[in-house]
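structure_12.tsv follows (TSV, C-alpha atoms and all ligand atoms):
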```
chain	number	residue	atom	x	y	z
A	954	MET	CA	124.85	118.28	24.32
A	955	MET	CA	122.18	115.75	25.13
A	956	ARG	CA	120.80	113.95	22.11
A	957	PHE	CA	117.01	113.86	22.06
A	958	GLU	CA	115.26	110.85	20.62
A	959	ARG	CA	112.97	112.02	17.88
A	960	LYS	CA	110.57	109.76	16.02
A	961	LYS	CA	111.50	109.36	12.38
A	962	MET	CA	109.07	110.59	9.73
A	963	VAL	CA	108.71	109.76	6.04
A	964	ALA	CA	106.35	111.91	3.99
A	965	GLY	CA	105.53	111.26	0.35
A	966	ASN	CA	104.77	114.28	-1.81
A	967	TRP	CA	103.01	113.03	-4.93
A	968	LYS	CA	103.07	116.54	-6.43
A	969	MET	CA	100.74	116.64	-9.48
A	970	ASN	CA	100.94	112.90	-10.04
A	971	GLY	CA	98.94	109.79	-9.23
A	972	ASN	CA	95.46	108.56	-9.97
A	973	ALA	CA	92.65	106.58	-8.34
A	974	ASP	CA	94.50	103.28	-8.91
A	975	LEU	CA	97.55	104.53	-7.06
A	976	VAL	CA	95.32	105.51	-4.14
A	977	LYS	CA	93.99	101.94	-3.97
A	978	GLN	CA	97.46	100.46	-4.29
A	979	PHE	CA	98.74	102.65	-1.45
A	980	MET	CA	95.84	101.70	0.82
A	981	LEU	CA	96.56	98.00	0.26
A	982	GLU	CA	100.32	97.79	-0.05
A	983	ILE	CA	102.02	100.36	2.15
A	984	ASN	CA	103.67	98.83	5.20
A	985	ALA	CA	104.16	101.63	7.66
A	986	PRO	CA	106.60	100.64	10.43
A	987	GLU	CA	105.17	101.38	13.86
A	988	ASN	CA	108.12	103.45	14.93
A	989	VAL	CA	107.93	105.77	11.91
A	990	ASP	CA	105.41	108.56	11.21
A	991	VAL	CA	104.38	107.87	7.62
A	992	ILE	CA	102.46	110.54	5.72
A	993	VAL	CA	101.16	110.56	2.16
A	994	CYS	CA	100.38	113.89	0.47
A	995	PRO	CA	98.41	113.31	-2.74
A	996	PRO	CA	96.78	116.04	-4.85
A	997	PHE	CA	93.72	117.53	-3.10
A	998	VAL	CA	91.20	115.59	-5.20
A	999	TYR	CA	92.49	112.21	-4.03
A	1000	LEU	CA	92.46	112.94	-0.30
A	1001	ALA	CA	88.83	111.89	0.05
A	1002	GLN	CA	89.45	108.60	-1.75
A	1003	PHE	CA	91.59	107.32	1.07
A	1004	ASP	CA	89.40	105.64	3.65
A	1005	SER	CA	91.50	103.08	5.48
A	1006	GLN	CA	95.24	103.37	5.48
A	1007	PRO	CA	98.06	102.78	7.92
A	1008	PHE	CA	99.47	106.28	7.47
A	1009	ALA	CA	98.44	109.91	7.93
A	1010	LEU	CA	97.33	112.16	5.09
A	1011	GLY	CA	98.68	115.55	4.14
A	1012	ALA	CA	97.85	118.19	1.55
A	1013	GLN	CA	100.37	119.98	-0.63
A	1014	ASN	CA	99.14	123.54	-0.17
A	1015	MET	CA	96.42	125.53	1.57
A	1016	SER	CA	94.90	129.01	1.43
A	1017	GLU	CA	95.95	131.54	4.06
A	1018	HIS	CA	92.29	132.65	4.17
A	1019	GLU	CA	89.59	131.07	6.21
A	1020	LYS	CA	86.89	131.15	3.51
A	1021	GLY	CA	85.26	133.41	0.95
A	1022	ALA	CA	85.87	134.74	-2.53
A	1023	HIS	CA	89.13	132.96	-3.35
A	1024	THR	CA	88.37	131.01	-6.50
A	1025	GLY	CA	90.38	127.83	-6.84
A	1026	ASP	CA	91.73	127.86	-3.28
A	1027	ILE	CA	91.23	125.26	-0.58
A	1028	SER	CA	90.81	126.08	3.10
A	1029	ALA	CA	92.28	124.45	6.18
A	1030	HIS	CA	88.80	123.45	7.28
A	1031	MET	CA	88.14	121.66	3.97
A	1032	LEU	CA	91.42	119.79	4.20
A	1033	LYS	CA	90.58	118.61	7.68
A	1034	GLU	CA	87.18	117.42	6.49
A	1035	LEU	CA	88.97	115.35	3.85
A	1036	GLY	CA	91.06	113.69	6.51
A	1037	ALA	CA	94.29	115.65	6.19
A	1038	GLU	CA	96.35	116.03	9.34
A	1039	PHE	CA	99.38	117.69	7.73
A	1040	VAL	CA	99.93	120.30	5.03
A	1041	ILE	CA	103.09	120.97	3.05
A	1042	LEU	CA	103.69	124.73	2.92
A	1043	GLY	CA	106.33	126.81	1.17
A	1044	HIS	CA	107.43	124.08	-1.20
A	1045	SER	CA	110.00	125.54	-3.62
A	1046	GLU	CA	107.75	124.67	-6.56
A	1047	ARG	CA	105.02	126.88	-5.12
A	1048	ARG	CA	107.50	129.61	-4.24
A	1049	GLN	CA	108.68	129.50	-7.88
A	1050	ASP	CA	105.47	128.79	-9.83
A	1051	HIS	CA	103.15	130.92	-7.72
A	1052	ASN	CA	105.52	133.57	-6.36
A	1053	GLU	CA	104.90	132.55	-2.77
A	1054	SER	CA	107.00	134.86	-0.59
A	1055	ASN	CA	108.43	134.12	2.85
A	1056	GLU	CA	105.73	136.38	4.27
A	1057	LEU	CA	102.89	134.54	2.54
A	1058	VAL	CA	104.31	131.18	3.59
A	1059	ALA	CA	104.47	132.50	7.16
A	1060	GLN	CA	100.79	133.50	7.03
A	1061	LYS	CA	99.85	130.06	5.73
A	1062	VAL	CA	101.84	128.29	8.46
A	1063	LYS	CA	100.22	130.46	11.11
A	1064	HIS	CA	96.77	129.78	9.66
A	1065	ALA	CA	97.41	126.02	9.54
A	1066	LEU	CA	98.49	125.98	13.20
A	1067	ILE	CA	95.48	128.02	14.33
A	1068	ASN	CA	93.20	125.60	12.49
A	1069	GLY	CA	94.73	122.41	13.81
A	1070	LEU	CA	96.72	121.28	10.76
A	1071	LYS	CA	100.37	120.38	11.19
A	1072	PRO	CA	102.50	122.33	8.71
A	1073	ILE	CA	105.48	120.79	6.95
A	1074	LEU	CA	107.45	123.97	6.25
A	1075	CYS	CA	109.80	123.61	3.27
A	1076	VAL	CA	112.98	125.63	3.04
A	1077	GLY	CA	116.07	125.31	0.89
A	1078	GLU	CA	118.43	127.22	-1.35
A	1079	PRO	CA	118.92	127.43	-5.11
A	1080	LEU	CA	122.26	126.40	-6.59
A	1081	ASP	CA	123.74	129.90	-6.91
A	1082	VAL	CA	123.17	130.57	-3.22
A	1083	ARG	CA	125.02	127.37	-2.36
A	1084	GLU	CA	127.86	128.23	-4.72
A	1085	ASN	CA	128.17	131.66	-3.10
A	1086	GLY	CA	128.37	130.10	0.35
A	1087	ASP	CA	125.18	131.77	1.56
A	1088	VAL	CA	123.11	128.70	2.46
A	1089	PHE	CA	122.76	129.34	6.20
A	1090	ALA	CA	121.71	132.99	5.79
A	1091	TYR	CA	119.21	132.06	3.08
A	1092	VAL	CA	117.57	129.27	5.05
A	1093	GLN	CA	117.61	131.28	8.26
A	1094	LYS	CA	115.67	134.09	6.55
A	1095	GLN	CA	113.05	131.62	5.31
A	1096	ILE	CA	112.63	130.16	8.78
A	1097	ASP	CA	112.75	133.41	10.75
A	1098	ALA	CA	109.92	134.89	8.64
A	1099	VAL	CA	107.70	132.02	9.77
A	1100	VAL	CA	108.78	131.65	13.38
A	1101	SER	CA	108.45	135.38	14.07
A	1102	LEU	CA	104.77	135.24	13.05
A	1103	CYS	CA	103.85	132.01	14.85
A	1104	SER	CA	103.32	131.22	18.48
A	1105	GLU	CA	104.87	128.49	20.58
A	1106	ASP	CA	102.58	126.17	18.62
A	1107	PHE	CA	105.17	126.09	15.85
A	1108	PHE	CA	107.60	124.19	18.06
A	1109	ASP	CA	104.91	121.78	19.23
A	1110	LYS	CA	103.28	120.97	15.90
A	1111	ALA	CA	105.37	121.96	12.89
A	1112	VAL	CA	107.81	119.89	10.89
A	1113	ILE	CA	110.59	121.44	8.81
A	1114	ALA	CA	111.76	119.98	5.52
A	1115	TYR	CA	115.14	121.08	4.18
A	1116	GLU	CA	114.95	120.68	0.43
A	1117	PRO	CA	117.85	122.21	-1.51
A	1118	ILE	CA	116.32	123.23	-4.84
A	1119	TRP	CA	119.28	121.90	-6.85
A	1120	ALA	CA	118.59	118.42	-5.42
A	1121	ILE	CA	114.86	118.27	-6.21
A	1122	GLY	CA	114.00	115.95	-9.06
A	1123	THR	CA	117.55	116.12	-10.37
A	1124	GLY	CA	118.96	112.86	-9.07
A	1125	LYS	CA	121.66	115.01	-7.36
A	1126	THR	CA	121.15	114.27	-3.66
A	1127	ALA	CA	122.89	116.37	-1.06
A	1128	SER	CA	125.53	114.19	0.56
A	1129	PRO	CA	124.62	113.04	4.08
A	1130	SER	CA	127.18	115.45	5.53
A	1131	GLN	CA	126.00	118.39	3.36
A	1132	ALA	CA	122.44	117.78	4.53
A	1133	GLN	CA	123.40	117.17	8.16
A	1134	GLU	CA	125.33	120.45	8.24
A	1135	VAL	CA	122.22	122.44	7.30
A	1136	HIS	CA	119.89	120.43	9.57
A	1137	GLN	CA	122.21	121.02	12.50
A	1138	PHE	CA	122.38	124.72	11.68
A	1139	ILE	CA	118.56	124.95	11.58
A	1140	ARG	CA	118.18	123.15	14.90
A	1141	GLN	CA	120.88	125.16	16.66
A	1142	HIS	CA	119.50	128.41	15.30
A	1143	LEU	CA	115.98	127.61	16.54
A	1144	ALA	CA	117.26	126.27	19.85
A	1145	LYS	CA	118.62	129.74	20.63
A	1146	THR	CA	115.04	130.93	21.10
A	1147	ASN	CA	113.23	127.75	22.09
A	1148	GLU	CA	114.67	124.59	23.58
A	1149	LYS	CA	111.81	122.61	22.01
A	1150	ALA	CA	113.81	122.85	18.78
A	1151	GLN	CA	115.61	119.74	20.04
A	1152	ARG	CA	112.38	117.83	19.54
A	1153	LEU	CA	111.42	119.28	16.15
A	1154	GLN	CA	111.42	116.79	13.28
A	1155	ILE	CA	113.59	118.07	10.44
A	1156	LEU	CA	113.23	116.11	7.19
A	1157	TYR	CA	115.54	116.07	4.22
A	1158	GLY	CA	114.09	116.21	0.70
A	1159	GLY	CA	115.74	116.10	-2.71
A	1160	SER	CA	116.29	112.93	-4.74
A	1161	VAL	CA	115.90	110.61	-1.77
A	1162	ASN	CA	115.50	107.05	-3.03
A	1163	ALA	CA	115.51	103.45	-1.86
A	1164	ASP	CA	119.32	103.31	-2.11
A	1165	ASN	CA	120.37	106.51	-0.35
A	1166	ALA	CA	117.65	106.88	2.33
A	1167	LYS	CA	119.30	104.85	5.08
A	1168	GLN	CA	122.55	106.78	5.03
A	1169	LEU	CA	120.77	110.13	5.04
A	1170	PHE	CA	118.40	109.14	7.86
A	1171	ALA	CA	121.36	107.95	9.95
A	1172	GLN	CA	122.61	111.51	10.43
A	1173	ASP	CA	122.10	113.01	13.89
A	1174	ASP	CA	119.79	115.84	12.84
A	1175	ILE	CA	118.02	114.20	9.92
A	1176	ASP	CA	114.73	112.86	11.21
A	1177	GLY	CA	113.44	111.37	7.98
A	1178	GLY	CA	112.56	112.51	4.50
A	1179	LEU	CA	110.14	114.34	2.25
A	1180	ILE	CA	110.07	112.16	-0.83
A	1181	GLY	CA	108.96	113.20	-4.30
A	1182	GLY	CA	109.52	110.87	-7.26
A	1183	ALA	CA	110.26	107.77	-5.20
A	1184	SER	CA	107.01	108.21	-3.25
A	1185	LEU	CA	105.03	107.27	-6.36
A	1186	LYS	CA	106.31	103.69	-6.38
A	1187	VAL	CA	104.90	101.57	-3.61
A	1188	ASP	CA	107.92	99.27	-3.41
A	1189	ASP	CA	110.44	102.10	-3.23
A	1190	PHE	CA	108.34	104.04	-0.73
A	1191	ASN	CA	108.10	100.94	1.47
A	1192	VAL	CA	111.88	100.52	1.38
A	1193	ILE	CA	112.34	104.18	2.32
A	1194	CYS	CA	109.89	103.85	5.24
A	1195	GLN	CA	111.80	100.76	6.35
A	1196	ALA	CA	115.09	102.66	6.13
A	1197	ALA	CA	113.72	105.06	8.75
A	1198	SER	CA	112.69	102.37	11.22
B	1201	LIG	P1	112.27	114.41	-5.40
B	1201	LIG	O1	112.34	113.34	-4.34
B	1201	LIG	O2	111.56	113.96	-6.63
B	1201	LIG	O3	113.63	115.00	-5.69
B	1201	LIG	O4	111.38	115.60	-4.82
B	1201	LIG	C1	111.64	116.10	-3.55
B	1201	LIG	C2	110.55	117.00	-3.17
B	1201	LIG	O5	110.41	118.09	-3.71
B	1201	LIG	C3	109.61	116.56	-2.13
B	1201	LIG	O6	108.79	117.59	-1.70
```
Could you express the structure from this file as structure tokens?
Ligand code: 13P
Amino acid sequence: MMRFERKKMVAGNWKMNGNADLVKQFMLEINAPENVDVIVCPPFVYLAQFDSQPFALGAQNMSEHEKGAHTGDISAHMLKELGAEFVILGHSERRQDHNESNELVAQKVKHALINGLKPILCVGEPLDVRENGDVFAYVQKQIDAVVSLCSEDFFDKAVIAYEPIWAIGTGKTASPSQAQEVHQFIRQHLAKTNEKAQRLQILYGGSVNADNAKQLFAQDDIDGGLIGGASLKVDDFNVICQAAS
């Protein structure tokens, strides 16, 4: 099969970390290679503090509603006003802490696409699913719920991040071949319905750091990373961005 050239992407997910000083440090010290899409996703409140940076901004969540009586929620329109171009949706921490179902995540992805935000759809299995050998079925269900609700736009604008839950924040990275196997499965599964799947950026997330990034990003179907802990240290994040270039 022909191998499509896809631009590499490195996205930093600060989660509920960071402060105004880190925003300033990132604006001054991040070196984003030209051939890599670099995205930083700080907590909502810091988005507006970025005003000149060599990378795109993303949010970590978004309401599925357009506006109205939804206390504490943030709309797609508000995120765009704050300069966000991307939004992480379906992160396992939101699925766990806020009971976000596949169906809700699908509604959010659809809403993001309709409103001109590029969703970074997170999928990935817990440890028991991996141990039972059910990874592909689990991930396929997460993805199918979203794709069945979205239009062609999904293939033009969305990014997928495969983040096995057992690898998040644990220091236990999936091996490059373990990750590649799932990325290839996701791409081949999606390619059955839309050939644009060959162009879709699929990121790996879960204990990516300055030492292991290059080997992971060298795999055929791994188009970069969604970085948690290591995205809070400018030097490490710069090395990871470099590893993708
Ligand atoms: P860590 O890189 O800290 O394992 O987090 C990964 C992640 O959840 C990114 O969204």
- request: Select, from A:Asn1052, A:Gln1131, A:Asn1014, A:Gln1002, the residue with the minimum atom-to-atom distance to Met969 (chain A), counting all atoms listed in the file.
  value: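 The closest residue to Met969 (chain A) is A:Asn1014.
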Mind dumping a table of every region 974-1037 of chain A residue within 7 Å of region 1184-1190 of chain A, with the nearest atom pair and its distance in Å to one decimal, using all atoms listed in the file, sorted by chain and rising number, as JSON lines?
```
{"residue": "A:Phe979", "atom": "CA", "partner": "A:Val1187", "partner_atom": "CA", "distance": 6.6}
{"residue": "A:Glu982", "atom": "CA", "partner": "A:Val1187", "partner_atom": "CA", "distance": 6.9}
{"residue": "A:Ile983", "atom": "CA", "partner": "A:Val1187", "partner_atom": "CA", "distance": 6.6}
```
message: Can you pull out every residue with an atom within 7 Å of ligand LIG 1201 (chain B)? Use only C-alpha atoms and all ligand atoms and format it as an MDAnalysis selection string.
response: chainID A and resid 966 1044 1116 1120:1124 1158:1161 1179:1183
Now that the selection is made, can you save its residues with C-alpha atoms as an mmCIF file, keeping the file's coordinate frame?
```
data_model
loop_
_atom_site.group_PDB
_atom_site.id
_atom_site.type_symbol
_atom_site.label_atom_id
_atom_site.label_comp_id
_atom_site.auth_asym_id
_atom_site.auth_seq_id
_atom_site.Cartn_x
_atom_site.Cartn_y
_atom_site.Cartn_z
ATOM 1 C CA ASN A 966 104.770 114.280 -1.810
ATOM 2 C CA HIS A 1044 107.430 124.080 -1.200
ATOM 3 C CA GLU A 1116 114.950 120.680 0.430
ATOM 4 C CA ALA A 1120 118.590 118.420 -5.420
ATOM 5 C CA ILE A 1121 114.860 118.270 -6.210
ATOM 6 C CA GLY A 1122 114.000 115.950 -9.060
ATOM 7 C CA THR A 1123 117.550 116.120 -10.370
ATOM 8 C CA GLY A 1124 118.960 112.860 -9.070
ATOM 9 C CA GLY A 1158 114.090 116.210 0.700
ATOM 10 C CA GLY A 1159 115.740 116.100 -2.710
ATOM 11 C CA SER A 1160 116.290 112.930 -4.740
ATOM 12 C CA VAL A 1161 115.900 110.610 -1.770
ATOM 13 C CA LEU A 1179 110.140 114.340 2.250
ATOM 14 C CA ILE A 1180 110.070 112.160 -0.830
ATOM 15 C CA GLY A 1181 108.960 113.200 -4.300
ATOM 16 C CA GLY A 1182 109.520 110.870 -7.260
ATOM 17 C CA ALA A 1183 110.260 107.770 -5.200
#
```
field: Minimum-distance residue to Glu1105 (chain A), chosen among A:Asp1173, A:Asp1087, A:Glu1148, A:Glu1053 (using all atoms listed in the file)
entry: A:Glu1148
What are the centre and edge lengths in Å, to one decimal, of the axis-aligned box around all listed atoms of region 1092-1101 of chain A with 5 Å added on each side, as AutoDock Vina command-line options?
```
--center_x 112.7 --center_y 132.3 --center_z 9.6 --size_x 19.9 --size_y 16.1 --size_z 19.0
```
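All residues of protein, DNA or RNA that reach within 12 Å of region 1047-1050 of chain A, judged by all atoms listed in the file and not counting those fewer than 5 positions away in the chain, are A:Lys968, A:Met969, A:Gln1013, A:Asn1014, A:Met1015, A:Ile1041, A:Leu1042, A:Asn1055, A:Glu1056, A:Leu1057, A:Val1058, A:Leu1074, A:Cys1075, A:Val1076, A:Gly1077, A:Glu1078, A:Pro1079, A:Gln1095, A:Ile1118.
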query: Which residue gives the smallest distance to Ser1104 (chain A) among A:His1018, A:Lys977, A:Lys1125, A:Lys1063, with all atoms listed in the file counted?
result: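 So, comparing all the options, the nearest one is A:Lys1063.
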Since the input lacks some atoms of region 1107-1138 of chain A, please model N, CA and C atoms and print them as a PDB file, keeping the file's coordinate frame.
```pdb
ATOM      1  N   PHE A1107     104.279 126.527  16.935  1.00  0.00           N
ATOM      2  CA  PHE A1107     105.170 126.090  15.850  1.00  0.00           C
ATOM      3  C   PHE A1107     106.085 124.979  16.342  1.00  0.00           C
ATOM      4  N   PHE A1108     106.633 125.168  17.537  1.00  0.00           N
ATOM      5  CA  PHE A1108     107.600 124.190  18.060  1.00  0.00           C
ATOM      6  C   PHE A1108     106.924 122.898  18.511  1.00  0.00           C
ATOM      7  N   ASP A1109     105.635 122.982  18.806  1.00  0.00           N
ATOM      8  CA  ASP A1109     104.910 121.780  19.230  1.00  0.00           C
ATOM      9  C   ASP A1109     104.380 120.975  18.054  1.00  0.00           C
ATOM     10  N   LYS A1110     104.037 121.651  16.968  1.00  0.00           N
ATOM     11  CA  LYS A1110     103.280 120.970  15.900  1.00  0.00           C
ATOM     12  C   LYS A1110     103.963 120.925  14.536  1.00  0.00           C
ATOM     13  N   ALA A1111     104.850 121.871  14.267  1.00  0.00           N
ATOM     14  CA  ALA A1111     105.370 121.960  12.890  1.00  0.00           C
ATOM     15  C   ALA A1111     106.498 120.976  12.643  1.00  0.00           C
ATOM     16  N   VAL A1112     106.685 120.702  11.378  1.00  0.00           N
ATOM     17  CA  VAL A1112     107.810 119.890  10.890  1.00  0.00           C
ATOM     18  C   VAL A1112     108.524 120.777   9.888  1.00  0.00           C
ATOM     19  N   ILE A1113     109.850 120.681   9.837  1.00  0.00           N
ATOM     20  CA  ILE A1113     110.590 121.440   8.810  1.00  0.00           C
ATOM     21  C   ILE A1113     111.160 120.451   7.806  1.00  0.00           C
ATOM     22  N   ALA A1114     111.103 120.803   6.534  1.00  0.00           N
ATOM     23  CA  ALA A1114     111.760 119.980   5.520  1.00  0.00           C
ATOM     24  C   ALA A1114     112.814 120.836   4.822  1.00  0.00           C
ATOM     25  N   TYR A1115     114.070 120.399   4.911  1.00  0.00           N
ATOM     26  CA  TYR A1115     115.140 121.080   4.180  1.00  0.00           C
ATOM     27  C   TYR A1115     115.256 120.423   2.811  1.00  0.00           C
ATOM     28  N   GLU A1116     114.912 121.206   1.787  1.00  0.00           N
ATOM     29  CA  GLU A1116     114.950 120.680   0.430  1.00  0.00           C
ATOM     30  C   GLU A1116     115.760 121.619  -0.464  1.00  0.00           C
ATOM     31  N   PRO A1117     117.058 121.346  -0.616  1.00  0.00           N
ATOM     32  CA  PRO A1117     117.850 122.210  -1.510  1.00  0.00           C
ATOM     33  C   PRO A1117     117.293 122.095  -2.930  1.00  0.00           C
ATOM     34  N   ILE A1118     117.028 123.236  -3.555  1.00  0.00           N
ATOM     35  CA  ILE A1118     116.320 123.230  -4.840  1.00  0.00           C
ATOM     36  C   ILE A1118     117.115 122.469  -5.905  1.00  0.00           C
ATOM     37  N   TRP A1119     118.439 122.573  -5.849  1.00  0.00           N
ATOM     38  CA  TRP A1119     119.280 121.900  -6.850  1.00  0.00           C
ATOM     39  C   TRP A1119     119.220 120.369  -6.716  1.00  0.00           C
ATOM     40  N   ALA A1120     118.658 119.882  -5.631  1.00  0.00           N
ATOM     41  CA  ALA A1120     118.590 118.420  -5.420  1.00  0.00           C
ATOM     42  C   ALA A1120     117.207 117.861  -5.736  1.00  0.00           C
ATOM     43  N   ILE A1121     116.244 118.737  -6.010  1.00  0.00           N
ATOM     44  CA  ILE A1121     114.860 118.270  -6.210  1.00  0.00           C
ATOM     45  C   ILE A1121     114.647 117.786  -7.630  1.00  0.00           C
ATOM     46  N   GLY A1122     114.326 116.515  -7.748  1.00  0.00           N
ATOM     47  CA  GLY A1122     114.000 115.950  -9.060  1.00  0.00           C
ATOM     48  C   GLY A1122     115.174 115.887 -10.017  1.00  0.00           C
ATOM     49  N   THR A1123     116.378 116.070  -9.493  1.00  0.00           N
ATOM     50  CA  THR A1123     117.550 116.120 -10.370  1.00  0.00           C
ATOM     51  C   THR A1123     118.396 114.849 -10.286  1.00  0.00           C
ATOM     52  N   GLY A1124     118.124 114.024  -9.286  1.00  0.00           N
ATOM     53  CA  GLY A1124     118.960 112.860  -9.070  1.00  0.00           C
ATOM     54  C   GLY A1124     120.257 113.222  -8.339  1.00  0.00           C
ATOM     55  N   LYS A1125     120.456 114.528  -8.076  1.00  0.00           N
ATOM     56  CA  LYS A1125     121.660 115.010  -7.360  1.00  0.00           C
ATOM     57  C   LYS A1125     121.317 115.180  -5.893  1.00  0.00           C
ATOM     58  N   THR A1126     121.497 114.149  -5.083  1.00  0.00           N
ATOM     59  CA  THR A1126     121.150 114.270  -3.660  1.00  0.00           C
ATOM     60  C   THR A1126     122.240 115.062  -2.941  1.00  0.00           C
ATOM     61  N   ALA A1127     121.854 115.814  -1.939  1.00  0.00           N
ATOM     62  CA  ALA A1127     122.890 116.370  -1.060  1.00  0.00           C
ATOM     63  C   ALA A1127     123.570 115.193  -0.378  1.00  0.00           C
ATOM     64  N   SER A1128     124.863 115.290  -0.145  1.00  0.00           N
ATOM     65  CA  SER A1128     125.530 114.190   0.560  1.00  0.00           C
ATOM     66  C   SER A1128     125.009 114.189   2.001  1.00  0.00           C
ATOM     67  N   PRO A1129     125.086 113.048   2.689  1.00  0.00           N
ATOM     68  CA  PRO A1129     124.620 113.040   4.080  1.00  0.00           C
ATOM     69  C   PRO A1129     125.269 114.139   4.914  1.00  0.00           C
ATOM     70  N   SER A1130     126.555 114.418   4.687  1.00  0.00           N
ATOM     71  CA  SER A1130     127.180 115.450   5.530  1.00  0.00           C
ATOM     72  C   SER A1130     126.739 116.852   5.114  1.00  0.00           C
ATOM     73  N   GLN A1131     126.518 117.066   3.797  1.00  0.00           N
ATOM     74  CA  GLN A1131     126.000 118.390   3.360  1.00  0.00           C
ATOM     75  C   GLN A1131     124.622 118.637   3.981  1.00  0.00           C
ATOM     76  N   ALA A1132     123.779 117.618   3.978  1.00  0.00           N
ATOM     77  CA  ALA A1132     122.440 117.780   4.530  1.00  0.00           C
ATOM     78  C   ALA A1132     122.509 117.951   6.047  1.00  0.00           C
ATOM     79  N   GLN A1133     123.282 117.107   6.697  1.00  0.00           N
ATOM     80  CA  GLN A1133     123.400 117.170   8.160  1.00  0.00           C
ATOM     81  C   GLN A1133     123.854 118.554   8.621  1.00  0.00           C
ATOM     82  N   GLU A1134     124.798 119.136   7.874  1.00  0.00           N
ATOM     83  CA  GLU A1134     125.330 120.450   8.240  1.00  0.00           C
ATOM     84  C   GLU A1134     124.202 121.497   8.309  1.00  0.00           C
ATOM     85  N   VAL A1135     123.306 121.455   7.326  1.00  0.00           N
ATOM     86  CA  VAL A1135     122.220 122.440   7.300  1.00  0.00           C
ATOM     87  C   VAL A1135     121.170 122.115   8.376  1.00  0.00           C
ATOM     88  N   HIS A1136     120.866 120.824   8.532  1.00  0.00           N
ATOM     89  CA  HIS A1136     119.890 120.430   9.570  1.00  0.00           C
ATOM     90  C   HIS A1136     120.377 120.870  10.947  1.00  0.00           C
ATOM     91  N   GLN A1137     121.657 120.651  11.200  1.00  0.00           N
ATOM     92  CA  GLN A1137     122.210 121.020  12.500  1.00  0.00           C
ATOM     93  C   GLN A1137     122.146 122.541  12.692  1.00  0.00           C
ATOM     94  N   PHE A1138     122.458 123.253  11.604  1.00  0.00           N
ATOM     95  CA  PHE A1138     122.380 124.720  11.680  1.00  0.00           C
ATOM     96  C   PHE A1138     120.956 125.149  12.033  1.00  0.00           C
TER      97      PHE A1138
END
```
